[in-house]
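K.L.:
Got a file for you: target-v3.txt, compact mmCIF, C-alpha atoms.
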# COMPACT_ATOMS: atom_id res chain seq x y z
CA MET F 1 -59.38 -39.86 16.25
CA GLY F 2 -62.51 -41.88 15.57
CA LYS F 3 -65.98 -40.41 15.48
CA ILE F 4 -66.90 -38.55 18.67
CA ILE F 5 -69.93 -36.48 19.54
CA TYR F 6 -70.28 -34.13 22.48
CA THR F 7 -73.62 -32.85 23.72
CA ILE F 8 -73.31 -29.92 26.10
CA GLY F 9 -76.07 -28.89 28.45
CA ARG F 10 -75.34 -25.72 30.39
CA GLU F 11 -76.59 -23.42 33.09
CA PHE F 12 -77.12 -19.87 31.84
CA GLY F 13 -73.94 -17.84 32.23
CA SER F 14 -71.73 -20.85 32.96
CA GLY F 15 -69.74 -20.47 29.73
CA GLY F 16 -70.95 -23.73 28.23
CA ARG F 17 -71.21 -22.21 24.78
CA GLU F 18 -67.68 -20.78 24.96
CA ILE F 19 -66.35 -24.14 26.12
CA ALA F 20 -68.09 -25.81 23.17
CA LYS F 21 -66.52 -23.30 20.76
CA LYS F 22 -63.03 -23.83 22.16
CA LEU F 23 -63.46 -27.60 22.03
CA SER F 24 -64.64 -27.31 18.43
CA THR F 25 -61.51 -25.34 17.51
CA ALA F 26 -59.18 -27.73 19.35
CA LEU F 27 -60.66 -30.80 17.65
CA ASP F 28 -61.46 -29.12 14.34
CA ILE F 29 -65.00 -30.52 14.33
CA PRO F 30 -68.32 -28.71 13.72
CA TYR F 31 -70.11 -26.94 16.54
CA TYR F 32 -73.88 -26.38 16.55
CA ASP F 33 -75.84 -23.96 18.68
CA LYS F 34 -78.18 -21.34 17.21
CA ASP F 35 -77.28 -22.45 13.66
CA LEU F 36 -79.03 -25.72 14.47
CA LEU F 37 -82.29 -23.78 14.33
CA ALA F 38 -81.72 -22.64 10.74
CA ARG F 39 -80.89 -26.16 9.62
CA SER F 40 -83.94 -27.58 11.42
CA ALA F 41 -86.14 -25.02 9.68
CA LYS F 42 -84.66 -25.92 6.30
CA ASP F 43 -85.00 -29.67 6.90
CA SER F 44 -88.58 -29.46 8.15
CA GLY F 45 -90.01 -26.63 6.04
CA LEU F 46 -91.16 -24.78 9.17
CA ALA F 47 -90.49 -21.05 9.43
CA GLU F 48 -87.10 -20.32 11.02
CA GLU F 49 -88.62 -17.57 13.17
CA ILE F 50 -90.68 -20.19 14.96
CA PHE F 51 -87.57 -22.09 16.03
CA HIS F 52 -86.06 -18.94 17.53
CA MET F 53 -89.28 -18.07 19.36
CA GLN F 54 -89.66 -21.61 20.71
CA ASP F 55 -85.96 -22.23 21.37
CA GLU F 56 -85.70 -24.24 24.61
CA LYS F 57 -88.99 -22.67 25.74
CA PRO F 58 -91.83 -25.21 25.98
CA THR F 59 -95.31 -23.71 26.12
CA ASN F 60 -98.50 -25.32 27.30
CA SER F 61 -100.62 -22.53 25.88
CA PHE F 62 -103.07 -24.14 23.47
CA MET F 63 -104.19 -20.78 22.06
CA TYR F 64 -100.61 -19.63 21.46
CA SER F 65 -99.80 -22.87 19.68
CA LEU F 66 -102.95 -22.60 17.59
CA VAL F 67 -102.23 -19.04 16.47
CA MET F 68 -98.54 -19.68 15.77
CA ASP F 69 -99.45 -22.85 13.85
CA ILE F 70 -101.00 -20.70 11.14
CA TYR F 71 -97.90 -18.51 10.95
CA SER F 72 -95.44 -21.40 11.00
CA PHE F 73 -96.54 -22.72 7.61
CA SER F 74 -97.01 -19.33 5.95
CA GLY F 75 -95.04 -19.51 2.73
CA HIS F 76 -93.48 -22.80 3.72
CA HIS F 77 -94.08 -26.39 2.70
CA ALA F 78 -93.58 -28.64 5.69
CA GLY F 79 -93.72 -32.37 5.34
CA ASN F 80 -96.89 -34.18 6.35
CA ASN F 81 -95.09 -35.68 9.34
CA TYR F 82 -95.48 -32.39 11.20
CA LEU F 83 -99.04 -31.42 10.25
CA ASP F 84 -101.15 -33.14 12.89
CA MET F 85 -99.51 -32.14 16.17
CA PRO F 86 -99.12 -29.05 18.42
CA LEU F 87 -96.58 -26.45 17.32
CA ASN F 88 -94.13 -26.95 20.18
CA GLN F 89 -94.05 -30.68 19.44
CA LYS F 90 -93.45 -30.00 15.73
CA VAL F 91 -90.49 -27.79 16.58
CA PHE F 92 -89.03 -30.30 19.02
CA LEU F 93 -89.36 -33.24 16.62
CA ALA F 94 -87.89 -31.21 13.75
CA GLN F 95 -84.85 -30.40 15.91
CA PHE F 96 -84.70 -34.01 17.10
CA ASP F 97 -84.52 -35.24 13.48
CA THR F 98 -81.90 -32.65 12.54
CA ILE F 99 -79.73 -33.51 15.55
CA LYS F 100 -79.75 -37.18 14.52
CA LYS F 101 -78.86 -36.24 10.92
CA ILE F 102 -75.97 -34.06 12.06
CA ALA F 103 -74.65 -36.83 14.32
CA SER F 104 -74.83 -39.33 11.45
CA GLU F 105 -72.52 -37.10 9.39
CA GLY F 106 -69.55 -37.42 11.75
CA SER F 107 -67.90 -35.91 14.80
CA CYS F 108 -69.55 -32.78 16.17
CA ILE F 109 -70.50 -30.75 19.24
CA ILE F 110 -74.15 -29.88 19.90
CA VAL F 111 -75.17 -27.39 22.56
CA GLY F 112 -78.44 -27.82 24.48
CA ARG F 113 -81.81 -28.69 22.91
CA CYS F 114 -82.04 -32.18 24.47
CA ALA F 115 -79.29 -33.43 22.18
CA ASP F 116 -78.25 -36.05 24.74
CA TYR F 117 -81.79 -37.43 24.67
CA ALA F 118 -81.96 -37.37 20.87
CA LEU F 119 -78.65 -39.25 20.66
CA SER F 120 -79.26 -41.73 23.47
CA ASP F 121 -78.59 -44.62 21.05
CA GLU F 122 -75.34 -43.11 19.77
CA ASN F 123 -72.38 -45.14 21.07
CA ASN F 124 -69.72 -42.47 20.52
CA CYS F 125 -71.53 -39.71 22.40
CA ILE F 126 -70.22 -37.91 25.51
CA ASN F 127 -72.98 -36.08 27.37
CA VAL F 128 -71.72 -33.08 29.31
CA PHE F 129 -73.31 -30.60 31.71
CA VAL F 130 -71.56 -27.31 32.51
CA TYR F 131 -72.54 -25.48 35.68
CA ALA F 132 -71.20 -22.87 38.08
CA GLY F 133 -72.14 -20.97 41.22
CA LYS F 134 -74.96 -18.47 40.77
CA ASP F 135 -72.87 -15.47 41.88
CA TYR F 136 -70.19 -16.36 39.34
CA ARG F 137 -72.77 -16.64 36.58
CA ILE F 138 -74.53 -13.42 37.51
CA LYS F 139 -71.25 -11.51 37.35
CA ARG F 140 -70.34 -13.05 33.97
CA VAL F 141 -73.73 -12.15 32.50
CA ALA F 142 -73.61 -8.62 33.94
CA ASP F 143 -70.14 -8.04 32.47
CA TYR F 144 -70.97 -9.56 29.09
CA GLU F 145 -74.35 -7.87 28.65
CA LYS F 146 -73.19 -4.63 30.35
CA ILE F 147 -76.17 -4.64 32.68
CA SER F 148 -76.65 -4.44 36.44
CA GLU F 149 -76.20 -7.54 38.56
CA ALA F 150 -79.89 -7.31 39.50
CA LYS F 151 -80.88 -7.55 35.82
CA ALA F 152 -78.32 -10.29 35.26
CA LYS F 153 -79.81 -12.29 38.13
CA GLU F 154 -83.25 -12.05 36.50
CA LEU F 155 -81.79 -13.41 33.24
CA VAL F 156 -79.99 -16.26 34.99
CA VAL F 157 -83.05 -17.34 36.95
CA ARG F 158 -85.43 -17.08 33.96
CA ASN F 159 -83.19 -18.84 31.47
CA ASP F 160 -82.33 -21.65 33.88
CA LYS F 161 -86.02 -22.18 34.53
CA GLU F 162 -86.86 -22.26 30.81
CA ARG F 163 -84.04 -24.67 29.98
CA ALA F 164 -84.96 -26.97 32.86
CA SER F 165 -88.65 -26.96 31.88
CA TYR F 166 -87.81 -27.71 28.25
CA TYR F 167 -85.39 -30.51 29.08
CA ASN F 168 -87.55 -32.12 31.75
CA PHE F 169 -90.70 -31.92 29.61
CA TYR F 170 -89.24 -33.56 26.50
CA SER F 171 -86.59 -35.91 27.88
CA GLY F 172 -88.41 -37.20 30.94
CA LYS F 173 -85.15 -36.71 32.84
CA LYS F 174 -84.02 -33.97 35.22
CA TRP F 175 -81.98 -31.08 33.84
CA GLY F 176 -78.68 -30.73 35.69
CA ASP F 177 -78.99 -34.06 37.51
CA SER F 178 -75.58 -35.74 37.31
CA ARG F 179 -77.26 -39.07 36.51
CA SER F 180 -78.46 -37.61 33.21
CA TYR F 181 -74.90 -36.97 31.94
CA ASP F 182 -71.53 -38.66 31.53
CA ILE F 183 -69.61 -35.76 33.07
CA CYS F 184 -70.49 -32.55 34.91
CA LEU F 185 -68.01 -29.65 34.99
CA ASN F 186 -67.94 -26.69 37.37
CA SER F 187 -66.61 -23.98 35.07
CA GLY F 188 -66.51 -21.45 37.91
CA LYS F 189 -63.92 -23.51 39.77
CA LEU F 190 -62.12 -25.21 36.89
CA GLY F 191 -62.09 -22.37 34.35
CA GLN F 192 -63.02 -22.79 30.71
CA ASP F 193 -59.62 -23.95 29.49
CA LYS F 194 -59.39 -26.72 32.10
CA CYS F 195 -62.91 -27.84 31.16
CA VAL F 196 -61.81 -28.06 27.53
CA ASP F 197 -58.70 -30.05 28.48
CA ILE F 198 -60.83 -32.54 30.41
CA LEU F 199 -63.20 -32.97 27.47
CA LEU F 200 -60.30 -33.37 25.03
CA SER F 201 -59.12 -36.38 27.02
CA PHE F 202 -62.17 -38.30 25.79
CA ALA F 203 -61.04 -37.84 22.18
CA ARG F 204 -57.47 -39.06 22.72
Could you take the file, read its structure, and then write that structure out as structure tokens?

P.N.:
Amino acid sequence: MGKIIYTIGREFGSGGREIAKKLSTALDIPYYDKDLLARSAKDSGLAEEIFHMQDEKPTNSFMYSLVMDIYSFSGHHAGNNYLDMPLNQKVFLAQFDTIKKIASEGSCIIVGRCADYALSDENNCINVFVYAGKDYRIKRVADYEKISEAKAKELVVRNDKERASYYNFYSGKKWGDSRSYDICLNSGKLGQDKCVDILLSFAR
């Protein structure tokens, strides 16, 4: 198998992360999700806490950005490239740079965080979007988190909105629009294993 990179966008509760993990195991290639934040922090010198707080959550609050700017460099030595811009832009660009570095190292799977946009010039990249019916996702979240379906619905709606806002704001494209991806998979109908099988066919 030659070099192959998968970027996986996902609706909240669709199982996109689990599909990415299974694909990673099947292909024996690295998988990046939350651990991407730690590496971005290390590469940029920004505080890791900031990446978790800003993760796929763009903010237009100037005051928030101003206050968190002071905290972000506390005890850290970020490169000059990130000094003269708003905090949310610093975090995005730091992740953007790290995603490109990871992709340059070889085959991998990257979940969310506008990875498809960051790797738009990468020839061996398959951009995937995983989605499912809202009722299916609400039930999955309720079962996994052990919460009521009403609470699960709130999580689904809020997280979808945040991910869409983040993606649309930074990529200039529309989150979940089939034209933004190479393949879209309905995990609620196909099941996770079938989704993995379909994605494996690109590596054969």

K.L.:
Between atom CA of Ile147 of chain F and atom CA of Asp160 of chain F, what is the distance, to one decimal in Å?

P.N.:
18.1 Å

K.L.:
Kindly indicate which residue among F:Ala132, F:Ile8, F:Leu23, F:Val156 lies nearest to Ile198 of chain F, using all atoms listed in the file for the distances.

P.N.:
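Smallest distance to Ile198 of chain F is found for F:Leu23.
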
K.L.:
Find the spatial neighbours of segment 163-173 of chain F, counting only C-alpha atoms, within a cut-off of 6 Å - ignore same-chain residues fewer than 5 positions away - and output them as a list of chain:residue names.

P.N.:
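Within the cut-off, the hits are F:Glu56, F:Lys57, F:Pro58, F:Cys114, F:Tyr117.
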
K.L.:
Let me make sure I understand: among F:Lys21, F:Lys3, F:Lys174, F:Lys90, which one has the smallest atom-to-atom distance to Ala41 of chain F if we use only C-alpha atoms?

P.N.:
F:Lys90

K.L.:
Quick one: contact table of segment 106-170 of chain F to segment 177-187 of chain F, 9 Å max, nearest atom pair and distance in Å to one decimal per residue, counting all atoms listed in the file, chain and number order, as CSV?

P.N.:
residue,atom,partner,partner_atom,distance
F:Asp116,CA,F:Tyr181,CA,8.0
F:Ile126,CA,F:Asp182,CA,6.2
F:Asn127,CA,F:Tyr181,CA,5.0
F:Val128,CA,F:Ile183,CA,5.1
F:Phe129,CA,F:Cys184,CA,4.7
F:Val130,CA,F:Leu185,CA,4.9
F:Tyr131,CA,F:Asn186,CA,5.0
F:Ala132,CA,F:Asn186,CA,5.1
F:Gly133,CA,F:Asn186,CA,8.1

K.L.:
Would you kindly return, as a VMD selection string, each protein, DNA or RNA residue with an atom no farther than 12 Å from any atom of Glu154 of chain F, considering only C-alpha atoms and excluding same-chain residues fewer than 3 positions away?

P.N.:
chain F and resid 12 to 13 134 137 to 138 141 to 142 147 to 151 157 to 161

K.L.:
Print the selection's residues with C-alpha atoms to a file, as a PDB file, keeping the file's coordinate frame.

P.N.:
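New file again_29.pdb:
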ATOM      1  CA  PHE F  12     -77.120 -19.870  31.840  1.00  0.00           C
ATOM      2  CA  GLY F  13     -73.940 -17.840  32.230  1.00  0.00           C
ATOM      3  CA  LYS F 134     -74.960 -18.470  40.770  1.00  0.00           C
ATOM      4  CA  ARG F 137     -72.770 -16.640  36.580  1.00  0.00           C
ATOM      5  CA  ILE F 138     -74.530 -13.420  37.510  1.00  0.00           C
ATOM      6  CA  VAL F 141     -73.730 -12.150  32.500  1.00  0.00           C
ATOM      7  CA  ALA F 142     -73.610  -8.620  33.940  1.00  0.00           C
ATOM      8  CA  ILE F 147     -76.170  -4.640  32.680  1.00  0.00           C
ATOM      9  CA  SER F 148     -76.650  -4.440  36.440  1.00  0.00           C
ATOM     10  CA  GLU F 149     -76.200  -7.540  38.560  1.00  0.00           C
ATOM     11  CA  ALA F 150     -79.890  -7.310  39.500  1.00  0.00           C
ATOM     12  CA  LYS F 151     -80.880  -7.550  35.820  1.00  0.00           C
ATOM     13  CA  VAL F 157     -83.050 -17.340  36.950  1.00  0.00           C
ATOM     14  CA  ARG F 158     -85.430 -17.080  33.960  1.00  0.00           C
ATOM     15  CA  ASN F 159     -83.190 -18.840  31.470  1.00  0.00           C
ATOM     16  CA  ASP F 160     -82.330 -21.650  33.880  1.00  0.00           C
ATOM     17  CA  LYS F 161     -86.020 -22.180  34.530  1.00  0.00           C
TER      18      LYS F 161
END

K.L.:
For atom CA of Arg113 of chain F and atom CA of Ala20 of chain F, determine how far apart the two atoms are, in Å to one decimal place.

P.N.:
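Computing it gives 14.0 Å between the two atoms.
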
K.L.:
Can you list, as a list in words, every protein, DNA or RNA residue that comes within 9 Å of Val111 of chain F when you count all atoms listed in the file, leaving out same-chain residues fewer than 2 positions away?

P.N.:
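The residues satisfying every condition are Tyr6, Thr7, Ile8, Gly9, Arg10, Gly16, Arg17, Ala20, Tyr31, Tyr32, Asp33, Lys34, Ile109, Arg113, Cys114 and Ala115 of chain F.
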
K.L.:
Which is closer to Met53 of chain F than all the others in F:Ile19, F:Ile29, F:Cys125, F:Val91, using all atoms listed in the file?

P.N.:
F:Val91

K.L.:
Just give me the gap between atom CA of Leu199 of chain F and atom CA of Gln95 of chain F in Å, one decimal is fine.

P.N.:
24.7 Å
